[in-house]
$ cat entry07.txt   # compact mmCIF, N, CA and C atoms and all ligand atoms
# COMPACT_ATOMS: atom_id res chain seq x y z
N MET A 1 -15.80 20.01 14.79
CA MET A 1 -15.12 18.89 14.11
C MET A 1 -13.77 19.35 13.56
N SER A 2 -13.77 20.51 12.88
CA SER A 2 -12.50 20.94 12.29
C SER A 2 -11.51 21.37 13.39
N ALA A 3 -12.05 21.91 14.50
CA ALA A 3 -11.15 22.27 15.61
C ALA A 3 -10.50 21.01 16.17
N LEU A 4 -11.26 19.91 16.19
CA LEU A 4 -10.72 18.65 16.69
C LEU A 4 -9.59 18.14 15.80
N VAL A 5 -9.83 18.24 14.48
CA VAL A 5 -8.80 17.82 13.52
C VAL A 5 -7.54 18.67 13.71
N ASP A 6 -7.76 19.99 13.88
CA ASP A 6 -6.61 20.88 14.08
C ASP A 6 -5.83 20.49 15.34
N LEU A 7 -6.57 20.18 16.41
CA LEU A 7 -5.89 19.80 17.65
C LEU A 7 -5.11 18.50 17.48
N ASN A 8 -5.68 17.58 16.68
CA ASN A 8 -4.94 16.33 16.40
C ASN A 8 -3.61 16.63 15.73
N SER A 9 -3.63 17.60 14.80
CA SER A 9 -2.40 17.94 14.10
C SER A 9 -1.37 18.49 15.08
N VAL A 10 -1.84 19.35 15.98
CA VAL A 10 -0.92 19.94 16.97
C VAL A 10 -0.33 18.83 17.84
N GLU A 11 -1.19 17.90 18.25
CA GLU A 11 -0.73 16.80 19.09
C GLU A 11 0.36 15.99 18.38
N ARG A 12 0.14 15.77 17.07
CA ARG A 12 1.11 14.98 16.30
C ARG A 12 2.46 15.73 16.21
N VAL A 13 2.39 17.03 15.96
CA VAL A 13 3.64 17.81 15.87
C VAL A 13 4.39 17.73 17.20
N VAL A 14 3.65 17.83 18.32
CA VAL A 14 4.30 17.76 19.64
C VAL A 14 4.98 16.40 19.81
N GLU A 15 4.31 15.34 19.36
CA GLU A 15 4.93 14.00 19.43
C GLU A 15 6.20 13.94 18.60
N TYR A 16 6.13 14.50 17.38
CA TYR A 16 7.30 14.45 16.50
C TYR A 16 8.49 15.20 17.11
N LEU A 17 8.19 16.28 17.86
CA LEU A 17 9.28 17.05 18.46
C LEU A 17 10.07 16.21 19.45
N ASP A 18 9.42 15.18 20.00
CA ASP A 18 10.09 14.33 20.99
C ASP A 18 10.87 13.18 20.37
N LEU A 19 10.73 12.99 19.05
CA LEU A 19 11.43 11.86 18.44
C LEU A 19 12.93 12.10 18.45
N PRO A 20 13.73 11.03 18.60
CA PRO A 20 15.18 11.22 18.52
C PRO A 20 15.56 11.76 17.15
N GLN A 21 16.49 12.70 17.14
CA GLN A 21 16.89 13.33 15.88
C GLN A 21 18.05 12.59 15.23
N GLU A 22 18.13 12.71 13.90
CA GLU A 22 19.28 12.20 13.18
C GLU A 22 20.52 13.04 13.56
N ALA A 23 21.70 12.47 13.31
CA ALA A 23 22.95 13.22 13.57
C ALA A 23 22.95 14.49 12.73
N PRO A 24 23.79 15.49 13.09
CA PRO A 24 23.77 16.76 12.35
C PRO A 24 24.08 16.59 10.86
N ALA A 25 23.36 17.36 10.03
CA ALA A 25 23.59 17.31 8.58
C ALA A 25 24.95 17.90 8.24
N ASP A 26 25.33 18.94 8.99
CA ASP A 26 26.61 19.59 8.72
C ASP A 26 27.38 19.72 10.02
N VAL A 27 28.68 19.46 9.96
CA VAL A 27 29.52 19.71 11.13
C VAL A 27 30.62 20.68 10.74
N GLU A 28 30.99 21.53 11.70
CA GLU A 28 32.02 22.52 11.43
C GLU A 28 33.38 21.84 11.44
N SER A 29 33.89 21.49 10.29
CA SER A 29 35.26 20.97 10.26
C SER A 29 35.73 20.91 8.83
N ASN A 30 37.04 20.91 8.69
CA ASN A 30 37.60 20.78 7.35
C ASN A 30 38.20 19.39 7.19
N LEU A 31 37.54 18.44 7.83
CA LEU A 31 38.06 17.09 7.90
C LEU A 31 38.09 16.40 6.54
N VAL A 32 37.12 16.72 5.67
CA VAL A 32 36.94 15.93 4.46
C VAL A 32 37.72 16.55 3.29
N PRO A 33 38.74 15.83 2.80
CA PRO A 33 39.49 16.37 1.67
C PRO A 33 38.64 16.46 0.41
N ALA A 34 39.03 17.33 -0.51
CA ALA A 34 38.25 17.56 -1.73
C ALA A 34 38.09 16.27 -2.54
N TYR A 35 39.07 15.39 -2.49
CA TYR A 35 39.06 14.19 -3.34
C TYR A 35 38.50 12.96 -2.62
N TRP A 36 37.91 13.14 -1.45
CA TRP A 36 37.42 12.01 -0.65
C TRP A 36 36.04 11.56 -1.12
N PRO A 37 35.70 10.26 -1.15
CA PRO A 37 36.61 9.12 -0.99
C PRO A 37 37.32 8.82 -2.30
N SER A 38 38.58 8.51 -2.18
CA SER A 38 39.39 8.32 -3.38
C SER A 38 39.68 6.84 -3.59
N SER A 39 39.58 6.41 -4.85
CA SER A 39 39.80 4.99 -5.12
C SER A 39 41.28 4.66 -5.19
N SER A 40 42.14 5.64 -4.85
CA SER A 40 43.57 5.31 -4.83
C SER A 40 43.96 4.70 -3.49
N SER A 41 43.07 4.79 -2.48
CA SER A 41 43.44 4.19 -1.19
C SER A 41 43.28 2.67 -1.27
N ASP A 42 44.14 1.96 -0.59
CA ASP A 42 44.15 0.50 -0.65
C ASP A 42 42.91 -0.11 -0.04
N ALA A 43 42.55 0.38 1.15
CA ALA A 43 41.36 -0.12 1.83
C ALA A 43 40.32 0.99 1.77
N LEU A 44 39.42 0.88 0.83
CA LEU A 44 38.43 1.95 0.64
C LEU A 44 37.45 2.00 1.81
N VAL A 45 36.97 0.82 2.21
CA VAL A 45 36.05 0.74 3.35
C VAL A 45 36.62 -0.26 4.36
N VAL A 46 36.77 0.20 5.60
CA VAL A 46 37.21 -0.71 6.66
C VAL A 46 36.15 -0.68 7.76
N VAL A 47 35.58 -1.82 8.04
CA VAL A 47 34.59 -1.93 9.11
C VAL A 47 35.25 -2.66 10.27
N GLU A 48 35.24 -2.01 11.45
CA GLU A 48 35.96 -2.56 12.61
C GLU A 48 35.01 -2.87 13.74
N GLU A 49 34.87 -4.15 14.05
CA GLU A 49 34.08 -4.62 15.20
C GLU A 49 32.77 -3.86 15.34
N LEU A 50 32.04 -3.82 14.25
CA LEU A 50 30.80 -3.04 14.20
C LEU A 50 29.64 -3.79 14.86
N SER A 51 29.01 -3.13 15.83
CA SER A 51 27.77 -3.65 16.40
C SER A 51 26.71 -2.57 16.25
N ILE A 52 25.51 -2.99 15.88
CA ILE A 52 24.41 -2.04 15.70
C ILE A 52 23.18 -2.56 16.40
N ARG A 53 22.53 -1.69 17.14
CA ARG A 53 21.22 -2.02 17.70
C ARG A 53 20.27 -0.87 17.36
N TYR A 54 19.00 -1.18 17.15
CA TYR A 54 18.05 -0.16 16.74
C TYR A 54 17.55 0.66 17.92
N SER A 55 17.71 0.13 19.11
CA SER A 55 17.27 0.88 20.28
C SER A 55 17.97 0.28 21.49
N PRO A 56 18.22 1.08 22.54
CA PRO A 56 18.95 0.56 23.70
C PRO A 56 18.27 -0.65 24.33
N GLU A 57 16.92 -0.75 24.18
CA GLU A 57 16.24 -1.90 24.81
C GLU A 57 16.29 -3.16 23.94
N LEU A 58 16.71 -3.00 22.67
CA LEU A 58 16.70 -4.16 21.76
C LEU A 58 18.09 -4.79 21.67
N PRO A 59 18.14 -6.11 21.40
CA PRO A 59 19.46 -6.74 21.25
C PRO A 59 20.13 -6.25 19.96
N PRO A 60 21.46 -6.33 19.88
CA PRO A 60 22.14 -5.91 18.65
C PRO A 60 21.71 -6.78 17.47
N VAL A 61 21.66 -6.20 16.28
CA VAL A 61 21.38 -6.99 15.08
C VAL A 61 22.66 -7.29 14.32
N LEU A 62 23.72 -6.51 14.55
CA LEU A 62 25.05 -6.86 14.04
C LEU A 62 25.98 -6.97 15.24
N HIS A 63 26.81 -8.01 15.23
CA HIS A 63 27.66 -8.30 16.39
C HIS A 63 29.12 -8.32 15.95
N ASP A 64 29.88 -7.31 16.31
CA ASP A 64 31.34 -7.30 16.07
C ASP A 64 31.73 -7.71 14.65
N VAL A 65 31.14 -7.04 13.68
CA VAL A 65 31.43 -7.37 12.28
C VAL A 65 32.68 -6.60 11.83
N SER A 66 33.64 -7.31 11.24
CA SER A 66 34.86 -6.66 10.72
C SER A 66 35.15 -7.17 9.32
N PHE A 67 35.48 -6.26 8.41
CA PHE A 67 35.93 -6.65 7.07
C PHE A 67 36.50 -5.41 6.40
N SER A 68 37.19 -5.58 5.28
CA SER A 68 37.59 -4.40 4.53
C SER A 68 37.41 -4.65 3.04
N LEU A 69 37.21 -3.57 2.32
CA LEU A 69 36.94 -3.64 0.88
C LEU A 69 37.95 -2.79 0.12
N ARG A 70 38.43 -3.33 -0.98
CA ARG A 70 39.34 -2.56 -1.83
C ARG A 70 38.54 -1.80 -2.90
N PRO A 71 39.14 -0.76 -3.46
CA PRO A 71 38.43 -0.02 -4.52
C PRO A 71 38.04 -0.93 -5.68
N ARG A 72 36.92 -0.65 -6.26
CA ARG A 72 36.38 -1.35 -7.44
C ARG A 72 36.04 -2.81 -7.19
N GLU A 73 36.05 -3.20 -5.91
CA GLU A 73 35.63 -4.55 -5.58
C GLU A 73 34.11 -4.61 -5.63
N ARG A 74 33.58 -5.67 -6.18
CA ARG A 74 32.12 -5.86 -6.16
C ARG A 74 31.79 -6.94 -5.15
N ILE A 75 30.94 -6.63 -4.23
CA ILE A 75 30.65 -7.63 -3.20
C ILE A 75 29.15 -7.90 -3.14
N GLY A 76 28.82 -9.09 -2.67
CA GLY A 76 27.43 -9.42 -2.41
C GLY A 76 27.30 -9.77 -0.94
N LEU A 77 26.19 -9.36 -0.34
CA LEU A 77 25.94 -9.71 1.07
C LEU A 77 24.92 -10.84 1.09
N LEU A 78 25.30 -11.94 1.68
CA LEU A 78 24.39 -13.09 1.74
C LEU A 78 23.97 -13.34 3.16
N GLY A 79 22.73 -13.70 3.36
CA GLY A 79 22.27 -14.04 4.71
C GLY A 79 20.77 -14.23 4.70
N ARG A 80 20.30 -14.99 5.67
CA ARG A 80 18.85 -15.24 5.73
C ARG A 80 18.11 -13.94 6.03
N THR A 81 16.81 -13.97 5.83
CA THR A 81 16.02 -12.77 6.09
C THR A 81 16.17 -12.36 7.56
N GLY A 82 16.38 -11.06 7.78
CA GLY A 82 16.53 -10.55 9.14
C GLY A 82 17.94 -10.68 9.69
N SER A 83 18.90 -11.11 8.85
CA SER A 83 20.26 -11.31 9.40
C SER A 83 21.05 -10.00 9.46
N GLY A 84 20.56 -8.93 8.82
CA GLY A 84 21.23 -7.64 8.97
C GLY A 84 21.88 -7.09 7.72
N LYS A 85 21.54 -7.64 6.55
CA LYS A 85 22.15 -7.18 5.30
C LYS A 85 21.80 -5.71 5.03
N SER A 86 20.52 -5.39 5.11
CA SER A 86 20.12 -3.99 4.84
C SER A 86 20.68 -3.06 5.90
N THR A 87 20.72 -3.53 7.14
CA THR A 87 21.26 -2.72 8.24
C THR A 87 22.72 -2.37 7.95
N LEU A 88 23.49 -3.35 7.50
CA LEU A 88 24.90 -3.10 7.19
C LEU A 88 25.02 -2.10 6.04
N ALA A 89 24.22 -2.30 4.98
CA ALA A 89 24.29 -1.39 3.84
C ALA A 89 23.90 0.03 4.28
N MET A 90 22.86 0.15 5.11
CA MET A 90 22.41 1.48 5.54
C MET A 90 23.40 2.15 6.47
N SER A 91 24.19 1.34 7.18
CA SER A 91 25.15 1.93 8.11
C SER A 91 26.25 2.69 7.36
N LEU A 92 26.48 2.33 6.09
CA LEU A 92 27.52 3.03 5.33
C LEU A 92 27.12 4.47 5.02
N LEU A 93 25.82 4.74 5.01
CA LEU A 93 25.34 6.11 4.83
C LEU A 93 24.79 6.70 6.13
N ARG A 94 25.03 5.99 7.21
CA ARG A 94 24.61 6.42 8.56
C ARG A 94 23.11 6.63 8.70
N PHE A 95 22.33 5.77 8.06
CA PHE A 95 20.91 5.76 8.41
C PHE A 95 20.73 5.08 9.76
N VAL A 96 21.70 4.26 10.13
CA VAL A 96 21.82 3.76 11.51
C VAL A 96 23.28 3.94 11.93
N ASP A 97 23.49 4.32 13.19
CA ASP A 97 24.86 4.51 13.67
C ASP A 97 25.28 3.33 14.55
N PRO A 98 26.59 3.04 14.60
CA PRO A 98 27.06 1.91 15.41
C PRO A 98 26.78 2.12 16.90
N SER A 99 26.49 1.03 17.61
CA SER A 99 26.50 1.14 19.07
C SER A 99 27.91 0.91 19.57
N SER A 100 28.71 0.16 18.81
CA SER A 100 30.16 0.14 19.05
C SER A 100 30.85 -0.21 17.74
N GLY A 101 32.14 0.06 17.68
CA GLY A 101 32.91 -0.19 16.45
C GLY A 101 32.92 1.04 15.57
N ARG A 102 33.59 0.90 14.41
CA ARG A 102 33.78 2.07 13.53
C ARG A 102 33.67 1.67 12.07
N ILE A 103 33.32 2.63 11.24
CA ILE A 103 33.38 2.45 9.78
C ILE A 103 34.31 3.53 9.24
N ILE A 104 35.38 3.08 8.60
CA ILE A 104 36.36 4.01 8.06
C ILE A 104 36.25 3.97 6.53
N VAL A 105 36.00 5.11 5.91
CA VAL A 105 35.96 5.17 4.45
C VAL A 105 37.14 6.03 4.00
N ASP A 106 38.00 5.45 3.20
CA ASP A 106 39.20 6.14 2.71
C ASP A 106 39.89 6.91 3.84
N GLY A 107 40.08 6.24 4.96
CA GLY A 107 40.85 6.81 6.06
C GLY A 107 40.08 7.68 7.04
N LEU A 108 38.80 7.98 6.76
CA LEU A 108 38.03 8.84 7.67
C LEU A 108 36.94 8.06 8.38
N ASP A 109 36.87 8.24 9.70
CA ASP A 109 35.79 7.64 10.49
C ASP A 109 34.50 8.39 10.12
N ILE A 110 33.53 7.69 9.52
CA ILE A 110 32.37 8.41 8.98
C ILE A 110 31.47 9.00 10.07
N SER A 111 31.66 8.59 11.33
CA SER A 111 30.84 9.18 12.40
C SER A 111 31.25 10.63 12.67
N LYS A 112 32.40 11.04 12.13
CA LYS A 112 32.88 12.41 12.39
C LYS A 112 32.46 13.39 11.28
N ILE A 113 31.77 12.88 10.27
CA ILE A 113 31.45 13.70 9.10
C ILE A 113 29.96 14.05 9.12
N GLY A 114 29.62 15.26 8.69
CA GLY A 114 28.21 15.64 8.61
C GLY A 114 27.47 14.74 7.62
N LEU A 115 26.20 14.47 7.91
CA LEU A 115 25.44 13.53 7.07
C LEU A 115 25.32 14.00 5.62
N ARG A 116 25.15 15.30 5.45
CA ARG A 116 24.96 15.81 4.08
C ARG A 116 26.20 15.53 3.23
N GLU A 117 27.37 15.84 3.82
CA GLU A 117 28.62 15.64 3.07
C GLU A 117 28.86 14.15 2.82
N LEU A 118 28.70 13.36 3.87
CA LEU A 118 28.92 11.92 3.73
C LEU A 118 28.05 11.34 2.62
N ARG A 119 26.75 11.60 2.69
CA ARG A 119 25.83 10.98 1.74
C ARG A 119 26.06 11.48 0.33
N SER A 120 26.30 12.77 0.15
CA SER A 120 26.48 13.25 -1.22
C SER A 120 27.78 12.71 -1.80
N ARG A 121 28.84 12.65 -1.00
CA ARG A 121 30.12 12.17 -1.53
C ARG A 121 30.06 10.67 -1.84
N VAL A 122 29.48 9.90 -0.93
CA VAL A 122 29.46 8.44 -1.13
C VAL A 122 28.50 8.07 -2.26
N VAL A 123 27.33 8.70 -2.30
CA VAL A 123 26.35 8.36 -3.34
C VAL A 123 26.87 8.73 -4.72
N SER A 124 27.59 9.84 -4.83
CA SER A 124 28.06 10.26 -6.16
C SER A 124 29.10 9.30 -6.70
N ARG A 125 29.64 8.42 -5.84
CA ARG A 125 30.62 7.45 -6.32
C ARG A 125 30.05 6.04 -6.40
N ARG A 126 28.77 5.93 -6.21
CA ARG A 126 28.19 4.59 -6.14
C ARG A 126 28.17 3.87 -7.47
N HIS A 127 28.22 4.62 -8.58
CA HIS A 127 28.24 3.93 -9.87
C HIS A 127 29.51 3.10 -9.99
N ARG A 128 30.55 3.45 -9.21
CA ARG A 128 31.78 2.66 -9.30
C ARG A 128 31.86 1.60 -8.20
N HIS A 129 31.24 1.85 -7.04
CA HIS A 129 31.35 0.89 -5.94
C HIS A 129 29.95 0.41 -5.61
N GLU A 130 29.74 -0.80 -5.88
CA GLU A 130 28.37 -1.30 -5.82
C GLU A 130 28.25 -2.35 -4.72
N ILE A 131 27.21 -2.23 -3.92
CA ILE A 131 26.96 -3.27 -2.92
C ILE A 131 25.57 -3.81 -3.17
N ARG A 132 25.46 -5.10 -3.32
CA ARG A 132 24.14 -5.70 -3.51
C ARG A 132 23.83 -6.60 -2.34
N THR A 133 22.56 -6.65 -1.97
CA THR A 133 22.18 -7.63 -0.94
C THR A 133 21.25 -8.64 -1.60
N PHE A 134 21.34 -9.89 -1.15
CA PHE A 134 20.53 -10.96 -1.74
C PHE A 134 19.69 -11.63 -0.66
N1 LIG B 1 13.86 0.08 12.10
C1 LIG B 1 14.05 -1.04 12.81
N2 LIG B 1 13.77 -1.08 14.13
C2 LIG B 1 13.99 -2.19 14.87
N3 LIG B 1 14.48 -3.34 14.37
C3 LIG B 1 14.77 -3.37 13.06
C4 LIG B 1 14.57 -2.22 12.22
N4 LIG B 1 14.96 -2.55 10.96
C5 LIG B 1 15.37 -3.84 11.02
N5 LIG B 1 15.25 -4.33 12.28
C6 LIG B 1 15.63 -5.68 12.73
O1 LIG B 1 17.02 -5.84 12.47
C7 LIG B 1 17.29 -7.18 12.03
C8 LIG B 1 18.02 -7.10 10.70
O2 LIG B 1 17.13 -6.57 9.72
P1 LIG B 1 17.59 -6.25 8.23
O3 LIG B 1 16.44 -5.59 7.58
O4 LIG B 1 18.90 -5.56 8.25
O5 LIG B 1 17.79 -7.75 7.67
P2 LIG B 1 18.00 -8.23 6.16
O6 LIG B 1 19.13 -9.23 6.21
O7 LIG B 1 18.14 -7.07 5.25
O8 LIG B 1 16.62 -8.99 5.87
P3 LIG B 1 15.87 -9.26 4.47
O9 LIG B 1 16.58 -10.40 3.80
O10 LIG B 1 14.50 -9.63 4.91
O11 LIG B 1 15.92 -7.98 3.67
C9 LIG B 1 15.95 -7.91 11.99
O12 LIG B 1 15.82 -8.64 13.18
C10 LIG B 1 14.94 -6.78 11.93
O13 LIG B 1 13.75 -7.14 12.56
MG MG B 2 17.06 -6.39 3.56

$ encode --input "entry07.txt" --output "structure tokens"
Amino acid sequence: MSALVDLNSVERVVEYLDLPQEAPADVESNLVPAYWPSSSSDALVVVEELSIRYSPELPPVLHDVSFSLRPRERIGLLGRTGSGKSTLAMSLLRFVDPSSGRIIVDGLDISKIGLRELRSRVVSRRHRHEIRTF
């Protein structure tokens, strides 16, 4: 019985090894300035023709979304259930990556930044820039 349980664990680990991985936590580059993201930039967040799909076989849940946000702006995301509010919020921290389009934060395309740096820098400034979904 215990050997069977052990084999189940091994089987599960083998399955997990096949799961798609998140983007790298760290990338070798000096792309991110010490003061990034800075609220002195005019367009703090620029979203350009953003489309997101959860899997290649599924239809996109965001279709060519574009907007920009200024520093200290407070915004609310409105939409019916399943319209993509959480997906959009999560895309700012790259829990989902665009299938097309770009997200620029204070001049940097966030797809070029390691996840660890992106998340720690953006989260540490969240007390000033707040996004709520309703
Ligand atoms: N992990 C996932 N895998 C596949 N599809 C997903 C996943 N998460 C969300 N979706 C789909 O993406 C679409 C948008 O979902 P999302 O959760 O962003 O909507 P929402 O506007 O936040 O909804 P709610 O108001 O219920 O919170 C929905 O059709 C949902 O089924
Ligand atoms: Mg939601």

$ residues_around --input "entry07.txt" --residues "Ser38 of chain A" --least-positions-apart "3" --cutoff "6.5 Å" --atoms "all atoms listed in the file" --output "list in words"
Tyr35, Ser41 and Asp106 of chain A

$ residues_near_ligand --input "entry07.txt" --ligand "ligand LIG 1 (chain B)" --cutoff "9 Å" --atoms "only C-alpha atoms and all ligand atoms" --output "PyMOL selection string"
chain A and resi 52-55+58+60-62+77-90+96+133-134

$ atom_distance --input "entry07.txt" --atom1 "atom N of Gln21 of chain A" --atom2 "atom N of Arg119 of chain A"
17.8 Å

$ axis_aligned_box --input "entry07.txt" --around "segment 113-119 of chain A" --padding-each-side "6 Å" --output "AutoDock Vina command-line options"
--center_x 28.4 --center_y 13.4 --center_z 5.3 --size_x 18.8 --size_y 16.9 --size_z 21.9

$ residues_near_point --input "entry07.txt" --point "(25.2, 5.2, 7.8)" --cutoff "12 Å" --atoms "only C-alpha atoms" --output "PyMOL selection string"
chain A and resi 22-23+47+50+52+86-98+102-105+109-119+122-123

$ atom_distance --input "entry07.txt" --atom1 "atom CA of Ala34 of chain A" --atom2 "atom CA of Ser100 of chain A"
28.3 Å

$ atom_distance --input "entry07.txt" --atom1 "atom CA of Glu15 of chain A" --atom2 "atom C of Val27 of chain A"
27.9 Å

$ closest_residue --input "entry07.txt" --among "A:Ser120, A:Pro37, A:Phe67, A:Asn8" --to "Gly107 of chain A" --atoms "only N, CA and C atoms"
A:Pro37

$ closest_residue --input "entry07.txt" --among "A:Glu28, A:Pro71, A:Pro56, A:Ser66" --to "Ser40 of chain A" --atoms "all atoms listed in the file"
A:Pro71

$ select_by_dssp --input "entry07.txt" --residues "segment 31-91 of chain A" --states "helix (DSSP H, G or I)" --output "JSON, numbers by chain"
{"A": [85, 86, 87, 88, 89, 90, 91]}

$ select_by_dssp --input "entry07.txt" --residues "segment 3-86 of chain A" --states "strand (DSSP E)" --output "list of chain:residue names"
A:Val45, A:Val46, A:Val47, A:Glu48, A:Glu49, A:Leu50, A:Ser51, A:Ile52, A:Leu62, A:His63, A:Asp64, A:Val65, A:Ser66, A:Phe67, A:Ser68, A:Leu69, A:Ile75, A:Gly76, A:Leu77
